[in-house]
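**Student:** What follows is a structure written as structure tokens; I'll ask about it next.
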2 protein chains.
Amino acid sequence: VTATIGLIGGMGPAASVDLYREVTEATPADLDQDHLRLLIDSNPAVPNRQDAILRGGPSPAPLLVASAQGLERMGADFLVMACNTAHAWEDEIRAAVAIPFMSMITTTVERATAVAPAASRVGVLATDGCLAANLYQSALKAVGLEAVLPDGAGQARLMAAIAAIKGRGSSHGHVDLAGLADELVSAGAEVLIAGCTEVPLLLHDRDTSVPLVNSTRALALAAVAQALGP
Amino acid sequence: VTATIGLIGGMGPAASVDLYREVTEATPADLDQDHLRLLIDSNPAVPNRQDAILRGGPSPAPLLVASAQGLERMGADFLVMACNTAHAWEDEIRAAVAIPFMSMITTTVERATAVAPAASRVGVLATDGCLAANLYQSALKAVGLEAVLPDGAGQARLMAAIAAIKGRGSSHGHVDLAGLADELVSAGAEVLIAGCTEVPLLLHDRDTSVPLVNSTRALALAAVAQALGP
């Protein structure tokens, strides 16, 4: 019997669509019935994570906890969340449910060490709030790796690109994240982490000269492996 | 206040990913918080609809009803279902919940009459089970339209194409549904209905010489309009 994945989503919805698609494509299946069950709460009303971390805005925790508990009641066996920055409230979610929570931050760092075992410097493309919450820097430091971050101008370009895709869900081809990736490589990054779920909608493996670890795909692969079981 | 959409999905998951994406792209939004809430039960364990209708296999009704009731309990204001053929059990779903169920069959036929008001003959690309259950033929007849169906060989090609995409979620480019669409036009169809949620993953507007009504998109547009309210 396979496990049911509970997905806390909607931050934004296009990123959750992408995670749902990645889970579907990562599942070995010939028939509908070979696929995994997912329960998804796509709740875009969760307060802005940037505002909460950087500017004292309302906390996302109550709605994240409500999603987690609703998914648990509906039958989820474990939880994932399609937003890196929202992992700043991971402890509150874990404390509110009896089922396990699989961290996108942890699974992404594990994948980075797997695809680039000799690397010591890891470029991180993540939101201002995600960086302020120290999520990737601390997870990398815990395994002896150093985070390489964009400079101020680069980080501002990244935030503008992420904001653009949170609207209608497409980038309209106006964003150059490949150039930003190049800058991180020039600054010493030997592998890159797409550490915001909107980034893989804009930047692909083919755009970078070093391996690119897609946090959405890393979580999808780990969740599928967990759900399929031994 | 907008309404929450409950999505009975997983039949197959790639089609539900497509409906979730269509809803996201159809929603006028600049920010995450402008998007609609969706609750999704992607349950691929629902028994095969073809087997149930054509070969006396186990009924999908109990799991469809369980999904509908679970989504209602979790807070859905109305329900949609990402599988045309499963609408053969629409009455059982409606009877089991207190919230409205929006029919993909009805919304698709409404869209066909809107995009081709002068048409009298409508080509239907749907599964064997969907045709045997008379879902599109009766909905078209109710508004004075005649269904044009593929011949036996064409219908077999369609079923093979649908089966291929139910695995990993991609068609690998080996399927010629454009040729089948042409055959329906030659047989008199003035507008075409992609009346299986896998078909829009394989056949696009640009592939057909008459208007193509995508059942997934028709349902997404109607659901977004309903959820946004007046």
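Every chain in the structure tokens takes a letter, A first, then B, and so on in the order presented; its residues are numbered from 1, and the ligands are numbered from 1 following the presented order.
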Would you mind listing what lies within 7 Å of Thr216 (chain B) as an mmCIF file with C-alpha atoms, in the first residue's frame, with only C-alpha atoms counted and same-chain residues fewer than 2 positions away left out?

**Tutor:**
data_model
loop_
_atom_site.group_PDB
_atom_site.id
_atom_site.type_symbol
_atom_site.label_atom_id
_atom_site.label_comp_id
_atom_site.auth_asym_id
_atom_site.auth_seq_id
_atom_site.Cartn_x
_atom_site.Cartn_y
_atom_site.Cartn_z
ATOM 1 C CA LEU B 19 -7.198 21.526 -14.936
ATOM 2 C CA THR B 197 -9.375 15.333 -20.270
ATOM 3 C CA ASN B 214 -11.234 21.864 -24.728
ATOM 4 C CA ALA B 218 -14.295 25.043 -20.574
ATOM 5 C CA LEU B 219 -14.708 23.716 -17.034
ATOM 6 C CA ALA B 220 -11.850 25.880 -15.716
#

**Student:** Skip Asn134 (chain A) itself and residues of its chain fewer than 4 positions away, then list as a list of chain:residue names all residues within 12 Å of it, counting only C-alpha atoms.

**Tutor:**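 My reading of the contact set: A:Ile53, A:Asn84, A:Thr85, A:His87, A:Ala88, A:Ile105, A:Val124, A:Ala126, A:Thr127, A:Asp128, A:Gly129, A:Cys130, A:Ser138, A:Ala139, A:Leu140, A:Lys141, A:Ala142, A:Ala147, A:Leu149.
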
**Student:** Go ahead and dump the residues you just picked, C-alpha atoms, as a compact mmCIF listing (two decimals), in the first residue's frame.

**Tutor:**
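Result file is part-v1.txt:
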# COMPACT_ATOMS: atom_id res chain seq x y z
CA ILE A 53 9.67 37.96 7.73
CA ASN A 84 10.62 27.35 0.29
CA THR A 85 10.15 30.60 2.23
CA HIS A 87 9.50 26.69 5.66
CA ALA A 88 10.32 29.47 8.13
CA ILE A 105 14.99 22.67 2.22
CA VAL A 124 21.36 29.90 -3.83
CA ALA A 126 15.93 32.25 -3.03
CA THR A 127 13.68 35.08 -1.90
CA ASP A 128 14.74 37.93 0.38
CA GLY A 129 12.60 36.43 3.14
CA CYS A 130 14.01 32.92 2.68
CA SER A 138 21.98 27.09 7.84
CA ALA A 139 21.04 23.82 6.07
CA LEU A 140 24.15 24.10 3.89
CA LYS A 141 26.40 25.02 6.82
CA ALA A 142 25.12 21.96 8.70
CA ALA A 147 26.16 29.52 0.40
CA LEU A 149 24.30 34.59 -2.79

**Student:** Extract, using only C-alpha atoms, all DNA, RNA and protein residues at most 12 Å from Ala45 (chain A), discarding same-chain residues fewer than 5 positions from it, and format them as a ChimeraX atom specification.

**Tutor:** /A:9-13,58-64,66-67 /B:1-2,4,31-38

**Student:** Run DSSP on the backbone and give me the residues of region 90-219 of chain A it puts in helix (DSSP H, G or I), as a ChimeraX atom specification.

**Tutor:** /A:90-96,104-115,128-132,135-142,152-165,177-186,199-201,205-207,215-219

**Student:** Using only C-alpha atoms, find which residues of chain A lie within 10 Å of chain B and jot them down as a ChimeraX atom specification.

**Tutor:** /A:4-7,9-48,67,70-71,73-75,163-170

**Student:** From the DSSP assignment of the backbone, select every residue of region 136-210 of chain B that is strand (DSSP E or B), and format the answer as an mmCIF file with N, CA, C and O atoms, in the first residue's frame.

**Tutor:**
data_model
loop_
_atom_site.group_PDB
_atom_site.id
_atom_site.type_symbol
_atom_site.label_atom_id
_atom_site.label_comp_id
_atom_site.auth_asym_id
_atom_site.auth_seq_id
_atom_site.Cartn_x
_atom_site.Cartn_y
_atom_site.Cartn_z
ATOM 1 N N GLU B 146 -26.251 17.629 -33.167
ATOM 2 C CA GLU B 146 -26.003 16.227 -33.489
ATOM 3 C C GLU B 146 -24.528 15.906 -33.267
ATOM 4 O O GLU B 146 -23.649 16.664 -33.696
ATOM 5 N N ALA B 147 -24.246 14.800 -32.609
ATOM 6 C CA ALA B 147 -22.867 14.366 -32.387
ATOM 7 C C ALA B 147 -22.333 13.617 -33.605
ATOM 8 O O ALA B 147 -23.032 12.782 -34.177
ATOM 9 N N VAL B 148 -21.093 13.968 -34.005
ATOM 10 C CA VAL B 148 -20.381 13.237 -35.060
ATOM 11 C C VAL B 148 -19.233 12.497 -34.384
ATOM 12 O O VAL B 148 -18.388 13.126 -33.734
ATOM 13 N N VAL B 191 -17.620 21.967 -35.434
ATOM 14 C CA VAL B 191 -16.871 22.312 -34.226
ATOM 15 C C VAL B 191 -16.525 20.976 -33.571
ATOM 16 O O VAL B 191 -17.228 19.982 -33.763
ATOM 17 N N LEU B 192 -15.401 20.939 -32.843
ATOM 18 C CA LEU B 192 -14.961 19.690 -32.218
ATOM 19 C C LEU B 192 -14.931 19.855 -30.705
ATOM 20 O O LEU B 192 -14.543 20.909 -30.195
ATOM 21 N N ILE B 193 -15.292 18.803 -29.995
ATOM 22 C CA ILE B 193 -15.168 18.780 -28.542
ATOM 23 C C ILE B 193 -14.074 17.789 -28.154
ATOM 24 O O ILE B 193 -14.141 16.615 -28.540
ATOM 25 N N ALA B 194 -13.054 18.296 -27.435
ATOM 26 C CA ALA B 194 -12.068 17.411 -26.807
ATOM 27 C C ALA B 194 -12.707 16.939 -25.508
ATOM 28 O O ALA B 194 -12.554 17.555 -24.454
#

**Student:** Rounded to one decimal, what separation in Å do you get between CA of Ile8 (chain A) and CA of Ala68 (chain A)?

**Tutor:**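 Here the two named atoms are 6.6 Å from each other.
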
**Student:** Find the residues near Pro100 (chain B): any atom within 10 Å, counting only C-alpha atoms, skip ones fewer than 3 places away on the same chain, and give them as a VMD selection string.

**Tutor:** chain B and resid 72 76 to 80 93 to 94 97 103

**Student:** Would you work out the distance separating CA of Arg206 (chain A) from CA of Leu125 (chain A), expressed in Å to one decimal?

**Tutor:**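 So the two atoms, CA of Arg206 (chain A) and CA of Leu125 (chain A), lie 16.2 Å apart.
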
**Student:** Hey, can you check how far CA of Val115 (chain A) sits from CA of Val213 (chain A)?

**Tutor:**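 Those two atoms sit 8.1 Å apart.
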
**Student:** Looking at only C-alpha atoms, which of A:Leu203, A:Met81, A:Leu212, A:Met102 is the one that sits closest to Ala227 (chain A)?

**Tutor:**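 Closest to Ala227 (chain A), using only C-alpha atoms: A:Met102.
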